[in-house]
Amino acid sequence: MKLSKNHSLLTYLCLMFFSVYFMAPFLWMLITALKSPSEVNSYPPTFVPRAAQWKNFADAWASQPFGIYLKNSVIVTVLTTFGQVISCSFIAFGFARYDFKFKNFFFMLLLASMMLPWDVTMIPQYMLFNKIGWINTLKPLIVPAFFGSPYYIFLLRQFLMNIPTDIENAARIDGANDFQIYYRIFFPIMKAPLFLIGILNMLTVWNDYLGPLIFLQDRSKYTLALGLASFKGVNDLNIIPIMCITILMIVPPVVAFFFAQKYIIEGVSGAVK
């Protein structure tokens, strides 16, 4: 019994140590954001600011049109998440619940596309979007999401394959068509993995830098990630504004994860099962 208590104490101490270890960069970021310029550039560095400069956040936000950047980021994130949820659930439902010719071949082809990094398809996509006049608009960042993502489709397919066929057979006997079976039966069942997909997509799109950098040219179309990168000049680096905007950027994903963590855990366990 004593050994068990010692083991539990050691476990909690290790968890506390690693919690502080992983939180240290975020604490340092917050401390740096609250420093004055003289304290940031001082050597040896000061760990605690003499007086917290909360106005740094307002100054950093007012230094550029971050209100417009925030609006663009929200539009792209919401629409891409909606597109991924609808398209991936449709495709996964087809692969999991229907039998058709060359089904396995098409699914393997879908999985093979996961091996292609975005850097390989970047130039063809740019040429395509430039040809149809979508460069310097938000469309190249939004429209591809409505064609699904191989990884998300795979997760949903694995989840749907564990559901007994008796459910849809009973629905067909009651006169339900294919779309009604998808929308009224399987879509609510997929709530947990769909939350998982939504959070993963939100994190990816919200922090995306390379995509907006390639397709956007006008500052009125910039996202928060591009606006944040604007603080980095050729010969200097504005540390305090970067830290302030970075802290503000991580708040929405953290809040979303806090409220959706139950569904995320259920979605991961269901997909693995």
# chains A, B, ... in the order shown; residues from 1 in each chain; ligands from 1
>>> closest_atom_pairs(of="segment 129-163 of chain A", to="segment 76-94 of chain A", cutoff="8 Å", atoms="only C-alpha atoms", output="Markdown table")
| residue | atom | partner | partner_atom | distance |
| --- | --- | --- | --- | --- |
| A:Leu138 | CA | A:Val76 | CA | 7.1 |
| A:Leu141 | CA | A:Val76 | CA | 6.7 |
| A:Ile142 | CA | A:Thr80 | CA | 5.3 |
| A:Val143 | CA | A:Thr80 | CA | 7.5 |
| A:Ala145 | CA | A:Thr80 | CA | 5.2 |
| A:Phe146 | CA | A:Gly83 | CA | 4.2 |
| A:Phe147 | CA | A:Ser87 | CA | 5.9 |
| A:Gly148 | CA | A:Cys88 | CA | 4.9 |
| A:Ser149 | CA | A:Cys88 | CA | 6.6 |
| A:Tyr152 | CA | A:Cys88 | CA | 6.4 |
| A:Ile153 | CA | A:Cys88 | CA | 5.0 |
| A:Phe154 | CA | A:Ala92 | CA | 7.0 |
| A:Leu156 | CA | A:Ala92 | CA | 5.7 |
| A:Arg157 | CA | A:Ala92 | CA | 4.7 |
| A:Leu160 | CA | A:Phe93 | CA | 7.0 |
>>> select_by_dssp(residues="segment 188-266 of chain A", states="helix (DSSP H, G or I)", output="JSON, numbers by chain")
{"A": [188, 189, 191, 192, 193, 194, 195, 196, 197, 198, 199, 200, 201, 202, 203, 204, 205, 206, 210, 211, 212, 213, 214, 215, 219, 220, 221, 224, 225, 226, 227, 228, 229, 239, 240, 241, 242, 243, 244, 245, 246, 247, 248, 249, 250, 251, 252, 253, 254, 255, 256, 257, 258, 259, 260, 261, 262, 263, 264, 265, 266]}
>>> closest_residue(among="A:Asn136, A:Ile68, A:Pro188, A:Ser36", to="Lys55 of chain A", atoms="only C-alpha atoms")
A:Ser36
>>> residues_around(residues="Ser113 of chain A", least_positions_apart="4", cutoff="12 Å", atoms="only C-alpha atoms", output="list in words")
Phe106, Phe107, Met108, Leu109, Pro117, Trp118, Val120, Thr121, Gly148, Ser149, Pro150, Tyr151, Ile153 and Phe154 of chain A
>>> write_last_selection(atoms="C-alpha atoms", output="PDB file, in the first residue's frame")
ATOM      1  CA  PHE A 106     -10.465   4.222 -55.453  1.00  0.00           C
ATOM      2  CA  PHE A 107     -10.007   4.110 -51.698  1.00  0.00           C
ATOM      3  CA  MET A 108      -6.355   3.098 -52.069  1.00  0.00           C
ATOM      4  CA  LEU A 109      -5.944   5.894 -54.589  1.00  0.00           C
ATOM      5  CA  PRO A 117       2.964  16.908 -49.804  1.00  0.00           C
ATOM      6  CA  TRP A 118       1.254  20.211 -50.436  1.00  0.00           C
ATOM      7  CA  VAL A 120       4.214  19.269 -54.801  1.00  0.00           C
ATOM      8  CA  THR A 121       0.711  20.440 -55.732  1.00  0.00           C
ATOM      9  CA  GLY A 148     -12.631  16.729 -48.891  1.00  0.00           C
ATOM     10  CA  SER A 149      -9.391  15.726 -47.233  1.00  0.00           C
ATOM     11  CA  PRO A 150      -8.036  12.147 -47.496  1.00  0.00           C
ATOM     12  CA  TYR A 151      -7.074  11.986 -43.835  1.00  0.00           C
ATOM     13  CA  ILE A 153     -12.256  10.811 -44.972  1.00  0.00           C
ATOM     14  CA  PHE A 154     -10.191   7.923 -43.653  1.00  0.00           C
TER      15      PHE A 154
END
>>> residues_around(residues="segment 213-225 of chain A", least_positions_apart="3", cutoff="9 Å", atoms="only C-alpha atoms", output="JSON, numbers by chain")
{"A": [65, 66, 68, 69, 70, 71, 72, 73, 74, 76, 122, 126, 129, 130, 134, 135, 136, 137, 138, 140, 141, 206, 207, 208, 209, 210, 228, 229, 230, 245, 246, 249]}
>>> closest_residue(among="A:Gly133, A:Pro253, A:Pro241, A:Pro164", to="Leu200 of chain A", atoms="only C-alpha atoms")
A:Pro253
>>> closest_residue(among="A:Pro212, A:Pro44, A:Pro37, A:Pro193", to="Ile265 of chain A", atoms="only C-alpha atoms")
A:Pro193
>>> atom_distance(atom1="atom CA of Ala192 of chain A", atom2="atom CA of Lys139 of chain A")
28.4 Å
>>> residues_around(residues="segment 47-52 of chain A", least_positions_apart="6", cutoff="9 Å", atoms="only C-alpha atoms", output="mmCIF file with all heavy atoms, in the first residue's frame")
data_model
loop_
_atom_site.group_PDB
_atom_site.id
_atom_site.type_symbol
_atom_site.label_atom_id
_atom_site.label_comp_id
_atom_site.auth_asym_id
_atom_site.auth_seq_id
_atom_site.Cartn_x
_atom_site.Cartn_y
_atom_site.Cartn_z
ATOM 1 N N TRP A 28 6.736 32.359 -21.074
ATOM 2 C CA TRP A 28 7.769 33.293 -21.532
ATOM 3 C C TRP A 28 7.200 34.241 -22.580
ATOM 4 O O TRP A 28 7.540 35.428 -22.599
ATOM 5 C CB TRP A 28 8.958 32.526 -22.086
ATOM 6 C CG TRP A 28 10.041 33.420 -22.617
ATOM 7 C CD1 TRP A 28 10.326 33.713 -23.922
ATOM 8 C CD2 TRP A 28 10.975 34.169 -21.829
ATOM 9 N NE1 TRP A 28 11.375 34.587 -24.002
ATOM 10 C CE2 TRP A 28 11.795 34.887 -22.730
ATOM 11 C CE3 TRP A 28 11.178 34.306 -20.452
ATOM 12 C CZ2 TRP A 28 12.813 35.720 -22.293
ATOM 13 C CZ3 TRP A 28 12.204 35.136 -20.027
ATOM 14 C CH2 TRP A 28 12.999 35.834 -20.941
ATOM 15 N N ILE A 31 5.145 36.841 -20.685
ATOM 16 C CA ILE A 31 6.026 37.753 -19.950
ATOM 17 C C ILE A 31 6.685 38.744 -20.905
ATOM 18 O O ILE A 31 6.770 39.946 -20.623
ATOM 19 C CB ILE A 31 7.089 36.949 -19.173
ATOM 20 C CG1 ILE A 31 6.426 36.166 -18.033
ATOM 21 C CG2 ILE A 31 8.173 37.862 -18.630
ATOM 22 C CD1 ILE A 31 7.352 35.203 -17.344
ATOM 23 N N THR A 32 7.132 38.255 -22.060
ATOM 24 C CA THR A 32 7.772 39.132 -23.044
ATOM 25 C C THR A 32 6.785 40.154 -23.581
ATOM 26 O O THR A 32 7.146 41.314 -23.823
ATOM 27 C CB THR A 32 8.354 38.304 -24.196
ATOM 28 O OG1 THR A 32 9.251 37.325 -23.674
ATOM 29 C CG2 THR A 32 9.102 39.187 -25.183
ATOM 30 N N ALA A 33 5.534 39.753 -23.790
ATOM 31 C CA ALA A 33 4.530 40.680 -24.307
ATOM 32 C C ALA A 33 4.240 41.808 -23.340
ATOM 33 O O ALA A 33 3.803 42.888 -23.760
ATOM 34 C CB ALA A 33 3.241 39.925 -24.629
ATOM 35 N N LEU A 34 4.473 41.588 -22.054
ATOM 36 C CA LEU A 34 4.171 42.601 -21.042
ATOM 37 C C LEU A 34 5.381 43.460 -20.679
ATOM 38 O O LEU A 34 5.287 44.319 -19.804
ATOM 39 C CB LEU A 34 3.635 41.921 -19.775
ATOM 40 C CG LEU A 34 2.299 41.179 -19.925
ATOM 41 C CD1 LEU A 34 1.934 40.470 -18.637
ATOM 42 C CD2 LEU A 34 1.196 42.149 -20.335
ATOM 43 N N LYS A 35 6.507 43.236 -21.335
ATOM 44 C CA LYS A 35 7.712 44.007 -21.034
ATOM 45 C C LYS A 35 7.742 45.310 -21.821
ATOM 46 O O LYS A 35 7.061 45.469 -22.839
ATOM 47 C CB LYS A 35 8.961 43.182 -21.362
ATOM 48 C CG LYS A 35 9.226 42.031 -20.420
ATOM 49 C CD LYS A 35 10.506 41.311 -20.807
ATOM 50 C CE LYS A 35 10.828 40.172 -19.852
ATOM 51 N NZ LYS A 35 12.078 39.464 -20.224
ATOM 52 N N SER A 36 8.580 46.218 -21.359
ATOM 53 C CA SER A 36 8.866 47.440 -22.116
ATOM 54 C C SER A 36 9.982 47.160 -23.114
ATOM 55 O O SER A 36 10.720 46.175 -22.958
ATOM 56 C CB SER A 36 9.272 48.559 -21.157
ATOM 57 O OG SER A 36 10.468 48.206 -20.474
ATOM 58 N N GLU A 39 13.370 46.559 -21.513
ATOM 59 C CA GLU A 39 13.515 45.291 -20.808
ATOM 60 C C GLU A 39 13.702 44.134 -21.780
ATOM 61 O O GLU A 39 14.421 43.171 -21.477
ATOM 62 C CB GLU A 39 12.296 45.037 -19.926
ATOM 63 C CG GLU A 39 12.199 45.952 -18.722
ATOM 64 C CD GLU A 39 10.948 45.704 -17.922
ATOM 65 O OE1 GLU A 39 9.858 45.676 -18.526
ATOM 66 O OE2 GLU A 39 11.033 45.543 -16.694
#
>>> residues_around(residues="segment 18-26 of chain A", least_positions_apart="2", cutoff="12 Å", atoms="only C-alpha atoms", output="PyMOL selection string")
chain A and resi 11-16+28-33+47+243-244+246-248+250-251
>>> closest_residue(among="A:Arg97, A:Lys131, A:Lys191, A:Lys262", to="Met161 of chain A", atoms="only C-alpha atoms")
A:Arg97
>>> closest_residue(among="A:Trp61, A:Ile240, A:Phe105, A:Asp99", to="Val40 of chain A", atoms="only C-alpha atoms")
A:Ile240
